[in-house]
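Engineer: The structure is given below, and queries will be raised subsequently.
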Number of protein chains: 2
Amino acid sequence: MSGSQAPEPALSVQGDSTAATGNEDTADDDDGTQHSHRMLSFSDALLSIIATVMILPVTHTEISPEQFDLSIQRLLATRIAVYLMTFLIVTVAWAAHTRLFQVVGKIDDTLALLNLACMMTITFLPFTFSLMVAFPEVPLGIFLFCACVIAIGAVQALIVVYAFRLPHLLNPQIGRSAHRGLYRRHILHIVLRGPALCFLAAGFSLFFYPVSYLLMATVVFLPYASKAAGWCRARLLGPREPPAPSVEFFTFDLQEPLSKERVEAFSDGVYAIVATLLILDICEDNVPDPKDVEEKFQGSLVAALSVDGPQFLAYFGSFATVGLLWFAHHSLFLHVRKATQSMGLLNTLSLAFVGGLPLAYQQTSALARRPRDELESVRVSCAIIFFAGVFQLAMWTAALLHQAETLQPAARFGGREHAFMCAKLALYPCASLLAFALTCVLSRFSTAIFHSMQIAVPFAFLLLRLLVRLALALLRALRRLAPPPRDTADPRAPLLPTPC
Amino acid sequence: MSGSQAPEPALSVQGDSTAATGNEDTADDDDGTQHSHRMLSFSDALLSIIATVMILPVTHTEISPEQFDLSIQRLLATRIAVYLMTFLIVTVAWAAHTRLFQVVGKIDDTLALLNLACMMTITFLPFTFSLMVAFPEVPLGIFLFCACVIAIGAVQALIVVYAFRLPHLLNPQIGRSAHRGLYRRHILHIVLRGPALCFLAAGFSLFFYPVSYLLMATVVFLPYASKAAGWCRARLLGPREPPAPSVEFFTFDLQEPLSKERVEAFSDGVYAIVATLLILDICEDNVPDPKDVEEKFQGSLVAALSVDGPQFLAYFGSFATVGLLWFAHHSLFLHVRKATQSMGLLNTLSLAFVGGLPLAYQQTSALARRPRDELESVRVSCAIIFFAGVFQLAMWTAALLHQAETLQPAARFGGREHAFMCAKLALYPCASLLAFALTCVLSRFSTAIFHSMQIAVPFAFLLLRLLVRLALALLRALRRLAPPPRDTADPRAPLLPTPC
C-alpha cells in the first residue's frame, strides 16, 4: 500500500508545492491518493466565512435613539467582542491547519473525512464564544470551548498519525527523510500543545474559573506571542544558531506556516463574504411591504423606494470600498513571492477591519434616519477603512524589509512597479484620513464628504497609473533643476500625489 | 505596448489553461498584465455566495403553528421563488462570465476594475427579483432588472472591446488568429444578446408588462433552452456539419463554457456558505438570554441549553450532510477531466438543492417545538437531500456517456475506481430514499429515523471501500459458481450493498 509510490521531485517545501501541481491529472496516483489542493481551498473558504460571518449579529442589533441605554450598549460591546475573538481564534485555527497540511502533502479519502470532522468542530467554536461572553461567570462556556479545542487536537493528531503511517501521503521531503520519527514528534507536540493547555483550563473551570480564562487566552494568543517573542529575540540577539541540519530544515518549514496560495484563498473568502453580506441586508430590509406602499405612498413603489435612496448609495459605496481593498490586496500579492509571518499577522489585522465594514455600511445607511449622530458614524466608518488600508500598507512595508525573499523584482526598490504599488496601497489610508480630517473642520457636511470620498476613490484608482507617471516625471524634472544629482530610485516620491 | 509579448504555448482552450499556470511568477509579464486566476476565484466566490445567501430570508420567516394562514404561505412561496430565480440567474451570469474569460486569458488593472464593476451590478440582481416577486404588477421591478442586465452587458462589452484592442490579453490562440475580427463580433453578439432582449422588455414594461415577463424569462432560460435545443437536434439529426475550420474551433470553444476549475470553485463556494449558514443560525438563536436563564431555569445554563438539545443534533447532522455531499462532489471531480454542458446543468440543479439544505435544517430543528408536522418536515428534508444527491449521480452518469473525453482512466467502466465511485455517489440518494420509505411505514419514529440516517451515513462513507470490496468479492465468488462466465466488469454490481 505504501511502497510502490514514486515521490515527486523535491521542488520546495514552502507550501506552493501542494497547490501548483493540483490541477493536472490528480486522481491517477496509485491507491486513491489525491493532491490536497481543492480540499484546502474548501477549508479556506469555510474558515474565512466562519471568521467573518460573526459580524452579522453585531450589525443586526436594532438601535433606536430613544432606547440607546446601557443594556444595548453592553449587548453591542459583547457582540463586537465575540466577533473579534472569533476572528482571532479562527485565524489561529487556520494557521495551524496550514501548518499541518504543509507536512501532509497529499490526501486520501480517510484524510478528507477527518478534515471534514475537524472543520465541523471548528465551526462550533463561535457558539462557545457567544456563550462565554453572554455568561462570563458560568464555567460551561469555557468547558465547551475546551472540549472543542481538545476534539480538534485529537482529530489533528489522528491525521498526523495516519499520515506518518502511510509516508507517501507526506510532503516528499519529509517522507523520504531518515528523521521521520523526529518530525512526527515535533508536529504532534505542536498540534497537542493547545489541547493540553485546554485540558488544564477545563479542570480549573470547575473550581476557579479566572485561571481558565488566563489559560484559554494563552491558547488563543500563543502563536502570536511566540511570534512576537521570536522577533524580539532575533532583534536583540541576532538570528539563532541553526541546530543540526535536518532539524533546522524542519523548524524552518514550521516557522513559515503561511503559503502564499492559502493566504490568498483565505483573504478572498473574507472579502467575498463581506461584499455579499451587504446585499443580503438590502434584500431583507429594503423591499417595502405591499400594505405600507398602498397605505403610506398611495401605491407608488418609486416613492416608497426613494425613501431608502441613501441606503442604496451607501450600498454601492461600501461595495466599491470592499472591492477596491480586494483589488489593492490582489495587486500586492501579485508581486509577493512568499508571505512571512509578520505579513501574515498584518494581513489578519487588515482582514479583521475589512470584516467590520458591514458595520460601517449599517451605520452610514442608518444616517438617513438619525441625523443626530451622523458625525460619529462617519468617523467610525473612516476609521475602519483607514485601519483596513493602513495594515495593507504595513504588509507592503514588511515585505520591503526582506524584499529579496518576499517580492518580485519589479516591485522592489527601483523596480518598474514599485512607485505604482506604493501609490495603490496608500490611496485608501490617505483618502480616509483626509475625509476624517475634513469632517473635523466641516462637521456639517460629514455625510457628503464621506460619500464623495467613496465615489472619488474608484476614479482615482483608474487614473492612478497616469497620476503616478505624471508625478514621477514632475519629480525628475525638478531633480534635473536641482544642483546635486542624487540616487535614482526615490521610494517616497509617489506618496505625494495620492491624497487628492 | 503589445508587440513584445511572448504568447504561451498553445496547449488547450478548454479553460484549464488559465488556471493551471496561475500560481507561478505571475506579475513579471511586461506592462502589468497578470494571470486571471485569482480574480476568477474571487468572482466565483462572490457569485456562489450571492446565489446561495438568498435562502436566508426563507429560513428566517417565522412560522408559529397558530398563524400558519394563507398570507404566511404566500410569503414563504414568494421567498422560495426569489431564491430559485436568483440561483438560476446567478448561475447564468456565472456561465457567461466563464465564457467571457475563456476568450480573455490575461488581465490588467483596468480589466480587474471593470470586472469589479460587473460583479457589483450582478450582486444587485437579487434585490430586483425581490421587488418583482413582492410587486408582480408594478413594472418598476422589471425595469430595474432590465437596467441591471443592460449595465452588465455594457460592462462586458467594454471588457471585450478593451481586450481586443490589446491582443496580448486574449487567449493566445485567439490573439494570434487572423480571424480576430470575426471572433470579436461573435463574442459581442453573445454578450449583448441578453441586454438587447432586456431593452425590449423595459420598453414593454411601460405599457404591457406580461410581455416583459416573457422576454425576461427568455433571458434567464436562454442558455438552458439553447442547450436543450442543441441536444435534441443532435439526437434527432446527428451531430452538425462543422462549418469553416476557424469558426468551428471558436464555436467549439464557446459550446464548452465550463472549465473544470471554475465549476469546482463555484461549487466549493456554495457548499462552504451553506455549511456556514447553519452555525450562524445556532449562534443567533440558541444563546439563551441571561434573564431567561435566571427566571425560568434558576440560573442553570445547562438546563437552558438542554432545551435546545435537538437543535445541536440537527446542526451536526446537517453539517455532516453538507460536508459529505461536498466530499462526493470532490471525489467525482477528481476523476473528471472536463465538464460538459449537461454536467454543468446537472451540477447547477444539485447545487440549488444543496442551497436548500438550511431550510431542511431549520425544519428539523423546529421539530422539537412542533411535533404536529414533524412527519412533513422530515419528508421535505429527505426529498431535498435525495435530489441534491441524485443530481450528482446523474452528473456521473452523464460523464460516463462520454467517458473517453470526460473521465480519467481509473474511473471509466472497468477502471480501478469505477465501482467505488458509483457506490460513493449512490449512497446519499439510497439512504434518503430509504429514510423516506421508512417514514411512510413507521411514521411515528420519523425524527429518529432521520437522525439515525444522518449519523449512519458518515460511517458508511468511512467503511465504503471495505464494503465495496466485500461486495465485489462476493459477486466474483457467485459468478464462479454460476455456469457461464460472463464479462468481467459489471458496473451495476456495487449498487447492491449501498442501501444498508
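Chain labels A, B, ... are given in the sequence in which chains occur in the C-alpha cells; within each chain residues are numbered consecutively from 1, and ligands are likewise numbered from 1 in the order shown.
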From a DSSP calculation on the backbone, collect every residue of segment 263-358 of chain B in helix (DSSP H, G or I) and output the set as a VMD selection string.
Structural biologist: chain B and resid 263 to 285 290 to 296 301 to 307 309 to 334 341 to 355 357 to 358
Engineer: Would you save the residues of that selection, restricted to C-alpha atoms, as an mmCIF file, in the first residue's frame?
Structural biologist:
data_model
loop_
_atom_site.group_PDB
_atom_site.id
_atom_site.type_symbol
_atom_site.label_atom_id
_atom_site.label_comp_id
_atom_site.auth_asym_id
_atom_site.auth_seq_id
_atom_site.Cartn_x
_atom_site.Cartn_y
_atom_site.Cartn_z
ATOM 1 C CA VAL B 263 -17.049 24.632 -11.753
ATOM 2 C CA GLU B 264 -15.106 23.377 -8.739
ATOM 3 C CA ALA B 265 -14.577 26.863 -7.346
ATOM 4 C CA PHE B 266 -18.225 27.817 -7.752
ATOM 5 C CA SER B 267 -19.403 24.563 -6.155
ATOM 6 C CA ASP B 268 -16.946 24.944 -3.273
ATOM 7 C CA GLY B 269 -18.336 28.391 -2.590
ATOM 8 C CA VAL B 270 -21.896 27.103 -2.452
ATOM 9 C CA TYR B 271 -21.021 24.197 -0.141
ATOM 10 C CA ALA B 272 -18.933 26.413 2.136
ATOM 11 C CA ILE B 273 -21.573 29.081 2.568
ATOM 12 C CA VAL B 274 -24.313 26.516 3.162
ATOM 13 C CA ALA B 275 -22.228 24.817 5.849
ATOM 14 C CA THR B 276 -21.630 28.190 7.478
ATOM 15 C CA LEU B 277 -25.191 29.483 7.433
ATOM 16 C CA LEU B 278 -26.044 26.665 9.817
ATOM 17 C CA ILE B 279 -23.754 27.817 12.603
ATOM 18 C CA LEU B 280 -24.870 31.418 12.130
ATOM 19 C CA ASP B 281 -28.419 30.366 12.997
ATOM 20 C CA ILE B 282 -27.173 28.470 16.030
ATOM 21 C CA CYS B 283 -25.220 31.491 17.243
ATOM 22 C CA GLU B 284 -28.056 33.918 16.714
ATOM 23 C CA ASP B 285 -30.911 31.861 18.127
ATOM 24 C CA PRO B 290 -29.312 35.734 30.767
ATOM 25 C CA LYS B 291 -32.629 36.954 32.224
ATOM 26 C CA ASP B 292 -34.496 33.889 30.964
ATOM 27 C CA VAL B 293 -31.894 31.601 32.450
ATOM 28 C CA GLU B 294 -32.230 33.348 35.801
ATOM 29 C CA GLU B 295 -36.004 33.237 35.849
ATOM 30 C CA LYS B 296 -37.014 30.045 34.093
ATOM 31 C CA LEU B 301 -27.262 27.264 31.929
ATOM 32 C CA VAL B 302 -27.050 23.535 31.275
ATOM 33 C CA ALA B 303 -30.793 23.173 31.748
ATOM 34 C CA ALA B 304 -31.439 26.139 29.443
ATOM 35 C CA LEU B 305 -29.210 24.678 26.737
ATOM 36 C CA SER B 306 -30.568 21.159 27.026
ATOM 37 C CA VAL B 307 -33.960 22.508 25.942
ATOM 38 C CA GLY B 309 -30.539 19.881 22.545
ATOM 39 C CA PRO B 310 -32.226 18.583 19.389
ATOM 40 C CA GLN B 311 -31.131 21.715 17.536
ATOM 41 C CA PHE B 312 -27.490 20.872 18.155
ATOM 42 C CA LEU B 313 -28.068 17.340 16.951
ATOM 43 C CA ALA B 314 -29.737 18.752 13.848
ATOM 44 C CA TYR B 315 -26.760 21.077 13.360
ATOM 45 C CA PHE B 316 -24.217 18.281 13.436
ATOM 46 C CA GLY B 317 -26.405 16.153 11.191
ATOM 47 C CA SER B 318 -26.787 18.925 8.649
ATOM 48 C CA PHE B 319 -23.106 19.798 8.674
ATOM 49 C CA ALA B 320 -22.290 16.140 8.106
ATOM 50 C CA THR B 321 -24.729 16.038 5.188
ATOM 51 C CA VAL B 322 -23.314 19.167 3.534
ATOM 52 C CA GLY B 323 -19.756 18.041 4.176
ATOM 53 C CA LEU B 324 -20.311 14.576 2.753
ATOM 54 C CA LEU B 325 -22.154 15.869 -0.301
ATOM 55 C CA TRP B 326 -19.111 18.090 -0.859
ATOM 56 C CA PHE B 327 -16.930 15.025 -0.357
ATOM 57 C CA ALA B 328 -18.858 13.088 -3.012
ATOM 58 C CA HIS B 329 -18.605 16.057 -5.386
ATOM 59 C CA HIS B 330 -14.904 16.349 -4.686
ATOM 60 C CA SER B 331 -14.340 12.636 -5.331
ATOM 61 C CA LEU B 332 -16.297 12.843 -8.547
ATOM 62 C CA PHE B 333 -14.375 15.842 -9.879
ATOM 63 C CA LEU B 334 -11.051 14.232 -9.022
ATOM 64 C CA GLN B 341 -22.641 21.307 -20.702
ATOM 65 C CA SER B 342 -25.092 18.705 -19.465
ATOM 66 C CA MET B 343 -22.841 18.025 -16.477
ATOM 67 C CA GLY B 344 -22.831 21.742 -15.759
ATOM 68 C CA LEU B 345 -26.614 21.876 -15.833
ATOM 69 C CA LEU B 346 -26.916 18.859 -13.530
ATOM 70 C CA ASN B 347 -24.338 20.393 -11.205
ATOM 71 C CA THR B 348 -26.389 23.593 -11.029
ATOM 72 C CA LEU B 349 -29.512 21.624 -10.134
ATOM 73 C CA SER B 350 -27.671 19.675 -7.468
ATOM 74 C CA LEU B 351 -26.290 22.901 -6.011
ATOM 75 C CA ALA B 352 -29.734 24.517 -5.961
ATOM 76 C CA PHE B 353 -30.902 21.709 -3.693
ATOM 77 C CA VAL B 354 -27.761 21.907 -1.574
ATOM 78 C CA GLY B 355 -28.619 25.575 -1.112
ATOM 79 C CA LEU B 357 -30.395 22.400 2.996
ATOM 80 C CA PRO B 358 -30.517 25.246 5.558
#
Engineer: Got a sec: who's within 7 Å of segment 434-437 of chain B, counting only C-alpha atoms, leaving out chain neighbours fewer than 2 positions off, as a list in words?
Structural biologist: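 The filter keeps Arg379, Cys382, Cys430, Ala431, Ser432, Thr439, Cys440, Val441, Ile449, Phe450 and Met453 of chain B.
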Engineer: Extract, using only C-alpha atoms, all DNA, RNA and protein residues at most 9 Å from Ala154 of chain B, discarding same-chain residues fewer than 6 positions from it, and format them as a count of residues only.
Structural biologist: 3
Engineer: Have a look at B:Met54, B:Gln34, B:Leu400, B:Thr59 and name the one nearest to Gln362 of chain B; count only C-alpha atoms.
Structural biologist: B:Thr59
Engineer: Please indicate the distance in Å from atom CA of Trp231 of chain A to atom CA of Thr340 of chain A, rounded to one decimal place.
Structural biologist: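 We find that atom CA of Trp231 of chain A and atom CA of Thr340 of chain A lie 11.8 Å from each other.
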Engineer: In Å, with one decimal, what is the gap from atom CA of Pro429 of chain A to atom CA of Arg235 of chain A?
Structural biologist: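 According to the coordinates, atom CA of Pro429 of chain A and atom CA of Arg235 of chain A are separated by 28.7 Å.
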Engineer: In Å, with one decimal, what is the gap from atom CA of Phe101 of chain B to atom CA of Val220 of chain B?
Structural biologist: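 Computing the Euclidean distance for atom CA of Phe101 of chain B and atom CA of Val220 of chain B yields 20.1 Å.
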